[in-house]
file my_file_25.csv (CSV, C-alpha atoms)
chain,number,residue,atom,x,y,z
A,55,MET,CA,0.0,0.0,0.0
A,56,SER,CA,1.3,3.5,-0.9
A,57,ILE,CA,2.0,5.8,2.0
A,58,VAL,CA,-0.3,8.3,0.4
A,59,ASP,CA,-3.1,5.8,-0.2
A,60,THR,CA,-3.9,4.6,3.4
A,61,PRO,CA,-7.5,4.0,4.6
A,62,GLU,CA,-7.3,7.3,6.6
A,63,ARG,CA,-6.1,9.3,3.6
A,64,ARG,CA,-8.8,7.8,1.4
A,65,GLN,CA,-11.3,9.1,3.9
A,66,LEU,CA,-9.6,12.4,3.8
A,67,ARG,CA,-10.0,12.4,0.0
A,68,GLU,CA,-13.7,11.7,0.4
A,69,LEU,CA,-14.1,14.5,2.9
A,70,ALA,CA,-12.4,17.0,0.5
A,71,ARG,CA,-14.5,15.7,-2.4
A,72,GLY,CA,-17.8,16.1,-0.5
A,73,PHE,CA,-16.8,19.6,0.5
A,74,MET,CA,-16.2,20.5,-3.1
A,75,THR,CA,-19.5,19.0,-4.3
A,76,ARG,CA,-21.6,20.7,-1.7
A,77,GLU,CA,-19.9,24.0,-0.9
A,78,VAL,CA,-17.8,25.0,-3.9
A,79,LEU,CA,-18.8,23.7,-7.3
A,80,PRO,CA,-22.2,25.4,-7.4
A,81,HIS,CA,-20.6,28.8,-6.8
A,82,LEU,CA,-17.1,28.7,-8.2
A,83,ASP,CA,-17.9,30.4,-11.5
A,84,ASP,CA,-19.5,33.3,-9.6
A,85,TRP,CA,-16.5,33.6,-7.3
A,86,GLU,CA,-14.2,33.6,-10.3
A,87,ARG,CA,-16.1,36.6,-11.7
A,88,ALA,CA,-16.3,38.3,-8.3
A,89,GLY,CA,-12.6,38.0,-7.8
A,90,GLU,CA,-12.6,36.4,-4.4
A,91,VAL,CA,-14.1,33.6,-2.3
A,92,PRO,CA,-16.4,34.4,0.6
A,93,ARG,CA,-15.1,34.5,4.1
A,94,ALA,CA,-17.8,32.1,5.1
A,95,LEU,CA,-16.1,29.4,3.1
A,96,HIS,CA,-13.1,29.5,5.5
A,97,ALA,CA,-15.5,28.8,8.4
A,98,THR,CA,-17.1,25.9,6.6
A,99,ALA,CA,-13.8,24.4,5.7
A,100,ALA,CA,-12.6,24.8,9.3
A,101,LYS,CA,-15.7,23.0,10.8
A,102,LEU,CA,-15.0,20.1,8.5
A,103,GLY,CA,-11.4,20.0,9.7
A,104,LEU,CA,-9.9,20.8,6.3
A,105,LEU,CA,-8.5,24.2,7.1
A,106,GLY,CA,-6.4,22.9,9.9
A,107,ILE,CA,-4.9,19.9,8.1
A,108,GLY,CA,-1.1,19.9,8.6
A,109,PHE,CA,-1.2,22.0,11.7
A,110,PRO,CA,-0.9,20.4,15.2
A,111,GLU,CA,-3.9,20.1,17.4
A,112,SER,CA,-2.0,22.0,20.1
A,113,VAL,CA,-2.4,25.3,18.1
A,114,GLY,CA,-6.0,24.6,16.9
A,115,GLY,CA,-5.2,22.5,13.8
A,116,SER,CA,-6.5,19.1,12.7
A,117,GLY,CA,-3.2,17.3,12.9
A,118,GLY,CA,-1.7,15.4,10.0
A,119,ASP,CA,1.4,16.2,8.1
A,120,LEU,CA,2.6,17.5,4.8
A,121,LEU,CA,1.3,14.4,2.9
A,122,ASP,CA,-2.1,15.0,4.3
A,123,SER,CA,-2.0,18.6,3.1
A,124,ILE,CA,-1.0,17.3,-0.3
A,125,ILE,CA,-3.9,14.9,-0.4
A,126,VAL,CA,-6.4,17.7,0.3
A,127,THR,CA,-4.9,20.0,-2.3
A,128,GLU,CA,-4.9,17.2,-4.9
A,129,GLU,CA,-8.5,16.2,-4.3
A,130,LEU,CA,-9.8,19.8,-4.3
A,131,ILE,CA,-8.5,20.3,-7.8
A,132,ARG,CA,-9.3,16.8,-9.1
A,133,SER,CA,-12.9,17.3,-7.9
A,134,GLY,CA,-13.4,20.4,-10.1
A,135,GLY,CA,-11.7,23.1,-8.1
A,136,SER,CA,-8.7,25.1,-9.2
A,137,SER,CA,-5.3,26.2,-8.0
A,138,GLY,CA,-6.8,29.7,-7.6
A,139,LEU,CA,-9.3,28.3,-5.1
A,140,VAL,CA,-6.5,26.5,-3.2
A,141,ALA,CA,-4.5,29.8,-3.1
A,142,ALA,CA,-7.5,31.8,-1.8
A,143,LEU,CA,-8.7,29.3,0.8
A,144,PHE,CA,-5.3,28.0,2.1
A,145,THR,CA,-3.3,31.2,2.2
A,146,HIS,CA,-2.8,30.6,5.9
A,147,GLY,CA,-0.5,27.7,4.7
A,148,ILE,CA,2.2,30.4,4.1
A,149,ALA,CA,1.0,33.0,6.7
A,150,LEU,CA,1.0,30.8,9.8
A,151,PRO,CA,3.9,28.3,9.8
A,152,HIS,CA,6.5,30.7,11.0
A,153,MET,CA,4.4,31.5,14.1
A,154,VAL,CA,3.8,27.9,14.8
A,155,ALA,CA,7.5,27.0,14.4
A,156,ALA,CA,8.6,29.9,16.7
A,157,ALA,CA,6.1,28.8,19.4
A,158,GLY,CA,7.2,25.2,19.0
A,159,ALA,CA,10.8,26.3,19.6
A,160,ARG,CA,9.7,28.1,22.8
A,161,THR,CA,8.0,25.1,24.2
A,162,GLY,CA,10.5,22.6,22.8
A,163,GLY,CA,8.2,21.3,20.1
A,164,SER,CA,9.6,19.3,17.3
A,165,LEU,CA,8.5,21.7,14.5
A,166,GLY,CA,10.4,24.7,15.9
A,167,GLY,CA,13.4,22.6,16.7
A,168,ARG,CA,13.5,21.1,13.2
A,169,LEU,CA,13.3,24.5,11.6
A,170,GLY,CA,15.9,26.0,13.8
A,171,VAL,CA,13.7,29.0,14.7
A,172,ALA,CA,14.7,31.1,17.7
A,173,ALA,CA,11.8,31.8,20.0
A,174,THR,CA,10.8,34.9,22.0
A,175,PRO,CA,8.3,35.2,24.9
A,176,GLY,CA,5.6,36.7,22.7
A,177,ASP,CA,5.4,33.7,20.3
A,178,GLY,CA,2.8,31.8,22.4
A,179,ASP,CA,0.5,34.9,22.4
A,180,LEU,CA,0.6,35.0,18.6
A,181,ILE,CA,-0.8,31.5,18.5
A,182,GLU,CA,-3.8,32.7,20.5
A,183,ARG,CA,-4.3,35.9,18.7
A,184,TYR,CA,-3.8,34.8,15.1
A,185,VAL,CA,-3.2,31.1,14.6
A,186,ARG,CA,-6.2,29.6,16.4
A,187,PRO,CA,-8.7,32.1,15.0
A,188,THR,CA,-7.4,31.6,11.5
A,189,LEU,CA,-7.6,27.8,11.7
A,190,ALA,CA,-11.1,28.2,13.1
A,191,GLY,CA,-12.0,30.2,9.9
A,192,THR,CA,-12.8,33.5,11.7
A,193,MET,CA,-9.6,35.3,10.5
A,194,ILE,CA,-7.7,35.4,7.3
A,195,GLY,CA,-4.0,35.8,7.1
A,196,ALA,CA,-1.6,36.6,4.2
A,197,LEU,CA,2.2,36.6,3.7
A,198,ALA,CA,4.0,39.7,2.4
A,199,ILE,CA,7.5,39.1,1.1
A,200,THR,CA,7.6,40.2,-2.6
A,201,GLU,CA,8.4,43.9,-3.3
A,202,PRO,CA,7.9,45.9,-6.5
A,203,ASP,CA,11.7,46.0,-7.3
A,204,GLY,CA,12.7,42.7,-5.5
A,205,GLY,CA,11.1,39.8,-7.2
A,206,SER,CA,12.8,36.5,-6.2
A,207,ASP,CA,15.6,38.2,-4.3
A,208,VAL,CA,14.4,37.8,-0.8
A,209,ALA,CA,17.6,39.1,0.7
A,210,ALA,CA,17.1,42.4,-1.1
A,211,ILE,CA,14.0,43.4,0.8
A,212,ARG,CA,13.8,47.1,1.4
A,213,THR,CA,10.8,47.5,3.7
A,214,THR,CA,12.3,48.7,7.0
A,215,ALA,CA,11.3,48.3,10.6
A,216,ARG,CA,13.0,50.7,13.0
A,217,ARG,CA,12.8,49.9,16.7
A,218,ASP,CA,11.1,52.7,18.7
A,219,GLY,CA,10.6,51.6,22.3
A,220,ASP,CA,7.9,48.9,22.4
A,221,HIS,CA,7.1,49.3,18.7
A,222,TYR,CA,8.7,48.9,15.3
A,223,VAL,CA,8.0,51.7,12.8
A,224,VAL,CA,7.5,50.1,9.4
A,225,ASN,CA,8.0,51.8,6.0
A,226,GLY,CA,7.9,50.2,2.6
A,227,SER,CA,5.7,48.4,0.1
A,228,LYS,CA,4.8,44.9,-1.0
A,229,THR,CA,3.1,43.6,-4.1
A,230,TYR,CA,1.5,40.4,-5.6
A,231,ILE,CA,0.2,39.6,-2.1
A,232,THR,CA,-2.3,36.7,-2.2
A,233,SER,CA,-5.5,37.3,-0.1
A,234,GLY,CA,-4.1,40.8,0.5
A,235,HIS,CA,-7.5,42.4,0.2
A,236,ARG,CA,-9.4,40.0,2.5
A,237,ALA,CA,-6.6,39.4,5.0
A,238,ASP,CA,-7.1,40.6,8.6
A,239,PHE,CA,-3.3,40.4,9.2
A,240,VAL,CA,-0.2,40.1,7.2
A,241,THR,CA,2.9,38.2,8.1
A,242,THR,CA,5.4,40.7,6.8
A,243,ALA,CA,9.1,40.4,6.0
A,244,VAL,CA,11.0,43.6,7.0
A,245,CYS,CA,14.6,44.7,7.2
A,246,THR,CA,15.8,45.7,10.7
A,247,ASP,CA,19.1,46.9,9.4
A,248,PHE,CA,19.7,49.1,6.3
A,249,PRO,CA,17.5,48.3,3.2
A,250,GLY,CA,18.8,45.3,1.3
A,251,SER,CA,21.1,44.1,4.1
A,252,GLY,CA,19.4,40.7,4.2
A,253,GLU,CA,18.9,41.0,8.0
A,254,LEU,CA,15.2,40.1,8.0
A,255,THR,CA,12.6,39.9,10.7
A,256,LEU,CA,9.0,38.8,10.5
A,257,LEU,CA,6.2,41.0,11.9
A,258,VAL,CA,2.5,40.3,12.1
A,259,ILE,CA,0.8,43.6,10.9
A,260,ASP,CA,-2.9,44.1,11.5
A,261,LYS,CA,-5.1,45.6,8.8
A,262,GLY,CA,-6.4,48.9,9.9
A,263,LEU,CA,-3.3,50.2,11.6
A,264,PRO,CA,-2.6,53.9,10.8
A,265,GLY,CA,-0.4,54.1,7.8
A,266,PHE,CA,-1.1,50.6,6.5
A,267,THR,CA,-2.9,50.9,3.2
A,268,VAL,CA,-4.2,48.1,1.0
A,269,GLY,CA,-3.9,49.3,-2.6
A,270,ARG,CA,-5.8,48.4,-5.7
A,271,ARG,CA,-7.0,44.9,-6.5
A,272,LEU,CA,-4.6,43.5,-9.1
A,273,GLU,CA,-6.2,42.0,-12.1
A,274,LYS,CA,-4.5,38.8,-13.3
A,275,LEU,CA,-4.4,36.3,-16.2
A,276,GLY,CA,-5.5,33.5,-13.9
A,277,TRP,CA,-6.4,32.7,-10.2
A,278,HIS,CA,-9.4,35.0,-10.6
A,279,CYS,CA,-11.1,33.9,-7.4
A,280,SER,CA,-7.9,34.6,-5.4
A,281,ASP,CA,-7.7,38.3,-4.6
A,282,THR,CA,-4.2,39.9,-5.0
A,283,ALA,CA,-3.1,43.2,-3.6
A,284,GLU,CA,-0.4,45.9,-3.2
A,285,LEU,CA,0.4,46.9,0.3
A,286,SER,CA,1.9,50.2,1.6
A,287,PHE,CA,3.4,51.0,5.0
A,288,VAL,CA,4.0,54.6,6.0
A,289,ASP,CA,5.3,55.0,9.6
A,290,VAL,CA,3.1,52.0,10.7
A,291,ARG,CA,3.7,51.4,14.4
A,292,VAL,CA,3.7,47.6,15.1
A,293,PRO,CA,4.1,46.3,18.7
A,294,VAL,CA,7.3,44.4,19.4
A,295,THR,CA,5.0,41.6,20.7
A,296,ASN,CA,4.0,41.1,17.1
A,297,ARG,CA,7.5,39.9,16.1
A,298,ILE,CA,7.8,36.3,15.1
A,299,GLY,CA,10.9,34.7,16.7
A,300,ALA,CA,14.0,36.6,17.4
A,301,GLU,CA,15.1,39.7,15.5
A,302,ASP,CA,17.0,39.0,12.3
A,303,THR,CA,15.9,35.4,12.0
A,304,GLY,CA,13.3,36.0,9.4
A,305,PHE,CA,15.4,35.0,6.4
A,306,LEU,CA,16.0,31.5,7.8
A,307,ALA,CA,12.3,31.1,8.7
A,308,ILE,CA,11.3,32.1,5.1
A,309,MET,CA,13.8,29.8,3.5
A,310,GLN,CA,12.7,26.8,5.7
A,311,ASN,CA,9.1,27.2,4.8
A,312,PHE,CA,9.8,27.4,1.1
A,313,ALA,CA,9.9,23.5,0.9
A,314,ALA,CA,6.3,23.2,1.9
A,315,GLU,CA,5.2,26.1,-0.3
A,316,ARG,CA,7.0,24.7,-3.4
A,317,LEU,CA,5.6,21.2,-2.8
A,318,SER,CA,2.1,22.7,-2.5
A,319,LEU,CA,2.6,24.4,-5.9
A,320,ALA,CA,4.0,21.2,-7.4
A,321,THR,CA,0.9,19.4,-6.1
A,322,GLN,CA,-1.3,22.0,-7.7
A,323,ALA,CA,0.6,21.5,-11.0
A,324,TYR,CA,0.3,17.8,-11.3
A,325,ALA,CA,-3.3,17.8,-9.9
A,326,THR,CA,-4.3,20.4,-12.5
A,327,ALA,CA,-2.7,18.1,-15.1
A,328,GLN,CA,-4.6,15.1,-13.8
A,329,ARG,CA,-7.9,17.0,-13.9
A,330,CYS,CA,-7.2,18.1,-17.5
A,331,VAL,CA,-6.4,14.5,-18.6
A,332,GLU,CA,-9.7,13.4,-17.1
A,333,LEU,CA,-11.7,16.2,-18.7
A,334,THR,CA,-10.0,15.6,-22.1
A,335,MET,CA,-10.6,11.9,-22.0
A,336,ARG,CA,-14.3,12.5,-21.4
A,337,TRP,CA,-14.4,15.1,-24.1
A,338,CYS,CA,-12.6,12.9,-26.7
A,339,ARG,CA,-14.9,9.9,-26.0
A,340,ASP,CA,-18.1,12.1,-26.4
A,341,ARG,CA,-17.0,14.5,-29.2
A,342,GLU,CA,-17.5,13.2,-32.7
A,343,THR,CA,-15.8,14.5,-35.9
A,344,PHE,CA,-16.5,13.2,-39.3
A,345,GLY,CA,-18.8,10.6,-37.8
A,346,ARG,CA,-16.3,9.1,-35.3
A,347,PRO,CA,-15.4,9.9,-31.7
A,348,LEU,CA,-12.1,11.8,-31.3
A,349,ALA,CA,-10.8,9.0,-29.1
A,350,SER,CA,-11.0,6.5,-32.0
A,351,ARG,CA,-8.1,8.3,-33.8
A,352,GLN,CA,-4.7,7.0,-33.1
A,353,LEU,CA,-3.1,10.5,-32.9
A,354,VAL,CA,-5.6,11.6,-30.2
A,355,ARG,CA,-5.1,8.4,-28.2
A,356,HIS,CA,-1.3,8.7,-28.3
A,357,ARG,CA,-1.5,12.3,-27.2
A,358,LEU,CA,-3.7,11.4,-24.3
A,359,ALA,CA,-1.3,8.6,-23.4
A,360,GLU,CA,1.6,11.0,-23.4
A,361,MET,CA,-0.4,13.5,-21.2
A,362,HIS,CA,-1.3,10.7,-18.7
A,363,THR,CA,2.3,9.5,-18.6
A,364,ARG,CA,3.8,12.9,-17.9
A,365,THR,CA,1.2,13.5,-15.2
A,366,GLU,CA,1.7,10.2,-13.4
A,367,ALA,CA,5.5,10.6,-13.5
A,368,ALA,CA,5.3,14.0,-11.9
A,369,ARG,CA,2.8,12.9,-9.3
A,370,SER,CA,4.9,9.9,-8.3
A,371,TYR,CA,8.1,12.1,-7.9
A,372,VAL,CA,6.3,14.8,-5.9
A,373,HIS,CA,4.9,12.2,-3.6
A,374,GLU,CA,8.4,10.7,-3.1
A,375,VAL,CA,10.0,14.0,-2.3
A,376,ALA,CA,7.2,15.0,0.0
A,377,THR,CA,7.6,11.8,1.9
A,378,ARG,CA,11.2,12.6,2.4
A,379,VAL,CA,10.5,16.1,3.5
A,380,ALA,CA,7.8,14.9,6.0
A,381,ALA,CA,10.5,12.6,7.4
A,382,GLY,CA,12.8,15.5,8.1
A,383,GLU,CA,15.3,14.9,5.3
A,384,PRO,CA,17.1,18.0,3.9
A,385,VAL,CA,16.2,17.6,0.3
A,386,VAL,CA,16.3,21.2,-1.0
A,387,THR,CA,17.6,20.2,-4.5
A,388,GLU,CA,14.9,17.5,-4.8
A,389,VAL,CA,12.1,19.9,-3.8
A,390,ALA,CA,13.3,22.3,-6.6
A,391,MET,CA,13.3,19.4,-9.1
A,392,ALA,CA,9.9,18.2,-8.0
A,393,LYS,CA,8.4,21.7,-8.6
A,394,ASN,CA,10.0,22.0,-12.0
A,395,VAL,CA,9.0,18.5,-13.1
A,396,ALA,CA,5.4,19.0,-12.0
A,397,VAL,CA,5.2,22.5,-13.6
A,398,ALA,CA,6.6,21.3,-16.9
A,399,ALA,CA,4.1,18.4,-17.0
A,400,CYS,CA,1.3,20.8,-16.2
A,401,ASP,CA,2.3,23.3,-18.9
A,402,GLN,CA,2.4,20.6,-21.6
A,403,VAL,CA,-0.8,18.9,-20.5
A,404,VAL,CA,-3.0,22.0,-20.1
A,405,ASP,CA,-1.9,23.2,-23.6
A,406,GLN,CA,-2.7,19.9,-25.2
A,407,ALA,CA,-6.0,19.6,-23.3
A,408,LEU,CA,-7.2,22.9,-24.6
A,409,GLN,CA,-6.1,22.0,-28.1
A,410,LEU,CA,-8.1,18.8,-28.0
A,411,HIS,CA,-11.1,20.6,-26.7
A,412,GLY,CA,-11.0,22.8,-29.9
A,413,GLY,CA,-13.1,26.0,-30.0
A,414,PHE,CA,-15.0,25.0,-26.8
A,415,GLY,CA,-11.8,24.9,-24.8
A,416,TYR,CA,-11.3,28.6,-25.6
A,417,LEU,CA,-14.6,29.6,-23.9
A,418,ARG,CA,-15.1,30.7,-20.3
A,419,ASP,CA,-17.7,28.0,-20.0
A,420,ALA,CA,-15.0,25.3,-20.4
A,421,GLU,CA,-13.3,24.2,-17.2
A,422,VAL,CA,-10.2,23.5,-19.1
A,423,GLU,CA,-10.0,27.2,-20.1
A,424,ARG,CA,-9.7,28.1,-16.4
A,425,HIS,CA,-7.0,25.5,-15.8
A,426,TYR,CA,-5.0,26.8,-18.8
A,427,ARG,CA,-5.0,30.3,-17.3
A,428,ASP,CA,-4.4,29.3,-13.7
A,429,ALA,CA,-1.5,27.0,-14.6
A,430,ARG,CA,0.8,29.8,-15.8
A,431,ILE,CA,1.5,31.2,-12.4
A,432,LEU,CA,2.8,27.9,-11.0
A,433,GLY,CA,6.2,28.3,-12.7
A,434,ILE,CA,6.5,31.8,-11.1
A,435,GLY,CA,5.2,31.6,-7.5
A,436,GLY,CA,7.3,30.2,-4.7
A,437,GLY,CA,10.4,30.6,-6.7
A,438,THR,CA,10.6,30.8,-10.5
A,439,THR,CA,11.6,27.8,-12.7
A,440,GLU,CA,14.9,29.6,-13.3
A,441,ILE,CA,15.5,30.0,-9.6
A,442,MET,CA,14.7,26.3,-9.1
A,443,ASN,CA,17.3,25.5,-11.8
A,444,GLU,CA,19.9,27.6,-9.9
A,445,ILE,CA,19.1,25.6,-6.7
A,446,ILE,CA,19.4,22.3,-8.7
A,447,ALA,CA,22.7,23.4,-10.3
A,448,LYS,CA,24.1,24.3,-6.8
A,449,GLY,CA,23.0,20.9,-5.6
A,450,MET,CA,25.0,19.3,-8.5
A,451,GLY,CA,28.1,21.1,-7.3
A,452,LEU,CA,28.1,23.6,-10.2

call {"tool": "encode", "arguments": {"input": "my_file_25.csv", "output": "structure tokens"}}
result
Amino acid sequence: MSIVDTPERRQLRELARGFMTREVLPHLDDWERAGEVPRALHATAAKLGLLGIGFPESVGGSGGDLLDSIIVTEELIRSGGSSGLVAALFTHGIALPHMVAAAGARTGGSLGGRLGVAATPGDGDLIERYVRPTLAGTMIGALAITEPDGGSDVAAIRTTARRDGDHYVVNGSKTYITSGHRADFVTTAVCTDFPGSGELTLLVIDKGLPGFTVGRRLEKLGWHCSDTAELSFVDVRVPVTNRIGAEDTGFLAIMQNFAAERLSLATQAYATAQRCVELTMRWCRDRETFGRPLASRQLVRHRLAEMHTRTEAARSYVHEVATRVAAGEPVVTEVAMAKNVAVAACDQVVDQALQLHGGFGYLRDAEVERHYRDARILGIGGGTTEIMNEIIAKGMGL
């Protein structure tokens, strides 16, 4: 039996599939056009235990590990959802782990120790104020790292935080922030030395603080149901108690969490490919041209076979790497390879899927059209394909 196909994980798949059928699919097109998912969806997912998967019960989560999170993500997409839905509903997957790790280090928990995160006395308070309410679906969190002139260069962050008594005074801007409009708080990377020094600290900044402005809603090629924002900080006073871990430990915390984020994106990629293979097989069996089903033609069958092969190969490799990460192995190079393999498979499959759907695939009414748009971000978010290749080359000793 595969480690990702246990009886418990099959039940988890059924839970995720039922959630999609009842709570999401009847409304997803409306949310795509509205540009966001409703806050009530977070509460519903929390009541079912889906929102807390991968987070320990000691902080309000549902337990489970990285593999359980991957199962949920995979099933949401294969049941008719999208990577945009996953991004909108599970943004806390990148907003909360740093807080949980820091609190774990304070109490001697395994997560904090494994990540090497230094703790401070206020970390436990952050669990009560932000982590538990978010996992209960009553708050929404976002992660703010990327800056307008920074891109993938995390060490070049220029948003500053100057200590002033019991507060930090924050100045700077962030962009491409997922859930930035709906978020109640933002886990924000700031520089506590001179801009671009690489000495980073993570602060939790509440929406509504004077000087904190949420800018225009960014219109995107895909991920339409996931709101994206620009953020501005002008002399924003943030309590020191809102600092995650010790000062100047933010870079390490960000890097450590990249493995889970990149594997989540890899999962979204191969799951999107799987869904497109299934949709295209159904279409090619039902669609007739010149008096015969498309699937009766050798060219079409072979193309579907290639799509399926690429997808299954990517899925298997991502599962293998995720299993090693969950076991605590330092597999930075393999994570980068898993992301690139899955994204490449997805890019090829969604393109062929739309082609085989013909003119219908180009319409907003076609699910495959949404996947085609949504897939393009997967090779950019969490570290671009080019950055992943740099990591792989370094792992090769080049």

call {"tool": "atom_distance", "arguments": {"input": "my_file_25.csv", "atom1": "CA of Val268 (chain A)", "atom2": "CA of Ala215 (chain A)"}}
result
18.2 Å

call {"tool": "closest_atom_pairs", "arguments": {"input": "my_file_25.csv", "of": "region 399-437 of chain A", "to": "region 332-347 of chain A", "cutoff": "8 Å", "atoms": "all atoms listed in the file", "output": "Markdown table"}}
result
| residue | atom | partner | partner_atom | distance |
| --- | --- | --- | --- | --- |
| A:Ala407 | CA | A:Thr334 | CA | 5.8 |
| A:Leu410 | CA | A:Thr334 | CA | 7.0 |
| A:His411 | CA | A:Thr334 | CA | 6.9 |
| A:Val422 | CA | A:Leu333 | CA | 7.5 |

call {"tool": "residues_near_point", "arguments": {"input": "my_file_25.csv", "point": "(5.2, 51.0, 3.4)", "cutoff": "10 Å", "atoms": "only C-alpha atoms", "output": "JSON, numbers by chain"}}
result
{"A": [212, 213, 214, 215, 223, 224, 225, 226, 227, 228, 265, 266, 267, 285, 286, 287, 288, 289, 290]}

call {"tool": "residues_around", "arguments": {"input": "my_file_25.csv", "residues": "Lys274 (chain A)", "least_positions_apart": "6", "cutoff": "10 Å", "atoms": "all atoms listed in the file", "output": "JSON, numbers by chain"}}
result
{"A": [89, 230, 280, 281, 282, 427, 428, 431]}

call {"tool": "atom_distance", "arguments": {"input": "my_file_25.csv", "atom1": "CA of Cys279 (chain A)", "atom2": "CA of Gly204 (chain A)"}}
result
25.4 Å

call {"tool": "closest_atom_pairs", "arguments": {"input": "my_file_25.csv", "of": "region 355-449 of chain A", "to": "region 107-130 of chain A", "cutoff": "12 Å", "atoms": "only C-alpha atoms", "output": "Markdown table"}}
result
| residue | atom | partner | partner_atom | distance |
| --- | --- | --- | --- | --- |
| A:Arg369 | CA | A:Glu128 | CA | 9.9 |
| A:Val372 | CA | A:Ile124 | CA | 9.5 |
| A:His373 | CA | A:Leu121 | CA | 7.7 |
| A:Glu374 | CA | A:Leu121 | CA | 10.0 |
| A:Val375 | CA | A:Leu121 | CA | 10.1 |
| A:Ala376 | CA | A:Leu121 | CA | 6.6 |
| A:Thr377 | CA | A:Leu121 | CA | 6.9 |
| A:Arg378 | CA | A:Leu121 | CA | 10.1 |
| A:Val379 | CA | A:Leu120 | CA | 8.1 |
| A:Ala380 | CA | A:Leu120 | CA | 5.9 |
| A:Ala381 | CA | A:Leu120 | CA | 9.7 |
| A:Gly382 | CA | A:Leu120 | CA | 10.9 |

call {"tool": "closest_residue", "arguments": {"input": "my_file_25.csv", "among": "A:Ala100, A:Ile194, A:Ala307, A:Ile231", "to": "Arg270 (chain A)", "atoms": "only C-alpha atoms"}}
result
A:Ile231

call {"tool": "atom_distance", "arguments": {"input": "my_file_25.csv", "atom1": "CA of Arg93 (chain A)", "atom2": "CA of Ile308 (chain A)"}}
result
26.5 Å

call {"tool": "closest_residue", "arguments": {"input": "my_file_25.csv", "among": "A:Pro293, A:Pro80, A:Pro92, A:Pro61", "to": "Gly191 (chain A)", "atoms": "only C-alpha atoms"}}
result
A:Pro92

call {"tool": "closest_residue", "arguments": {"input": "my_file_25.csv", "among": "A:Leu197, A:Asp220, A:Gln65, A:Glu421", "to": "His235 (chain A)", "atoms": "only C-alpha atoms"}}
result
A:Leu197

call {"tool": "closest_residue", "arguments": {"input": "my_file_25.csv", "among": "A:Glu388, A:Val354, A:Glu201, A:Met74", "to": "Lys448 (chain A)", "atoms": "only C-alpha atoms"}}
result
A:Glu388

call {"tool": "closest_residue", "arguments": {"input": "my_file_25.csv", "among": "A:Thr326, A:Ser350, A:Ser136, A:Thr242", "to": "Phe305 (chain A)", "atoms": "only C-alpha atoms"}}
result
A:Thr242

call {"tool": "closest_residue", "arguments": {"input": "my_file_25.csv", "among": "A:Ala237, A:Ala327, A:Ile199, A:Val389", "to": "Glu366 (chain A)", "atoms": "all atoms listed in the file"}}
result
A:Ala327

call {"tool": "residues_around", "arguments": {"input": "my_file_25.csv", "residues": "Ile446 (chain A)", "least_positions_apart": "4", "cutoff": "10 Å", "atoms": "only C-alpha atoms", "output": "MDAnalysis selection string"}}
result
chainID A and resid 386:391 394 440:442 450:452

call {"tool": "residues_around", "arguments": {"input": "my_file_25.csv", "residues": "Leu105 (chain A)", "least_positions_apart": "6", "cutoff": "9 Å", "atoms": "all atoms listed in the file", "output": "tab-separated table (two decimals) with C-alpha atoms, in the coordinates of the input"}}
result
chain	number	residue	atom	x	y	z
A	96	HIS	CA	-13.10	29.50	5.50
A	97	ALA	CA	-15.50	28.80	8.40
A	98	THR	CA	-17.10	25.90	6.60
A	99	ALA	CA	-13.80	24.40	5.70
A	115	GLY	CA	-5.20	22.50	13.80
A	116	SER	CA	-6.50	19.10	12.70
A	143	LEU	CA	-8.70	29.30	0.80
A	144	PHE	CA	-5.30	28.00	2.10
A	146	HIS	CA	-2.80	30.60	5.90
A	188	THR	CA	-7.40	31.60	11.50
A	189	LEU	CA	-7.60	27.80	11.70
A	190	ALA	CA	-11.10	28.20	13.10
A	191	GLY	CA	-12.00	30.20	9.90

call {"tool": "build_atoms", "arguments": {"input": "my_file_25.csv", "residues": "region 222-227 of chain A", "atoms": "N, CA, C and O atoms", "output": "compact mmCIF listing (two decimals), in the frame of the given file"}}
result
# COMPACT_ATOMS: atom_id res chain seq x y z
N TYR A 222 7.88 48.76 16.51
CA TYR A 222 8.70 48.90 15.30
C TYR A 222 7.91 49.95 14.43
O TYR A 222 6.68 49.91 14.35
N VAL A 223 8.65 50.82 13.76
CA VAL A 223 8.00 51.70 12.80
C VAL A 223 8.38 51.23 11.41
O VAL A 223 9.55 51.19 11.01
N VAL A 224 7.35 50.81 10.68
CA VAL A 224 7.50 50.10 9.40
C VAL A 224 7.26 51.05 8.24
O VAL A 224 6.24 51.75 8.22
N ASN A 225 8.17 51.02 7.25
CA ASN A 225 8.00 51.80 6.00
C ASN A 225 8.41 50.95 4.82
O ASN A 225 9.44 50.26 4.85
N GLY A 226 7.59 50.98 3.78
CA GLY A 226 7.90 50.20 2.60
C GLY A 226 6.66 49.80 1.85
O GLY A 226 5.55 50.28 2.13
N SER A 227 6.83 48.88 0.90
CA SER A 227 5.70 48.40 0.10
C SER A 227 5.88 46.96 -0.30
O SER A 227 7.01 46.47 -0.40
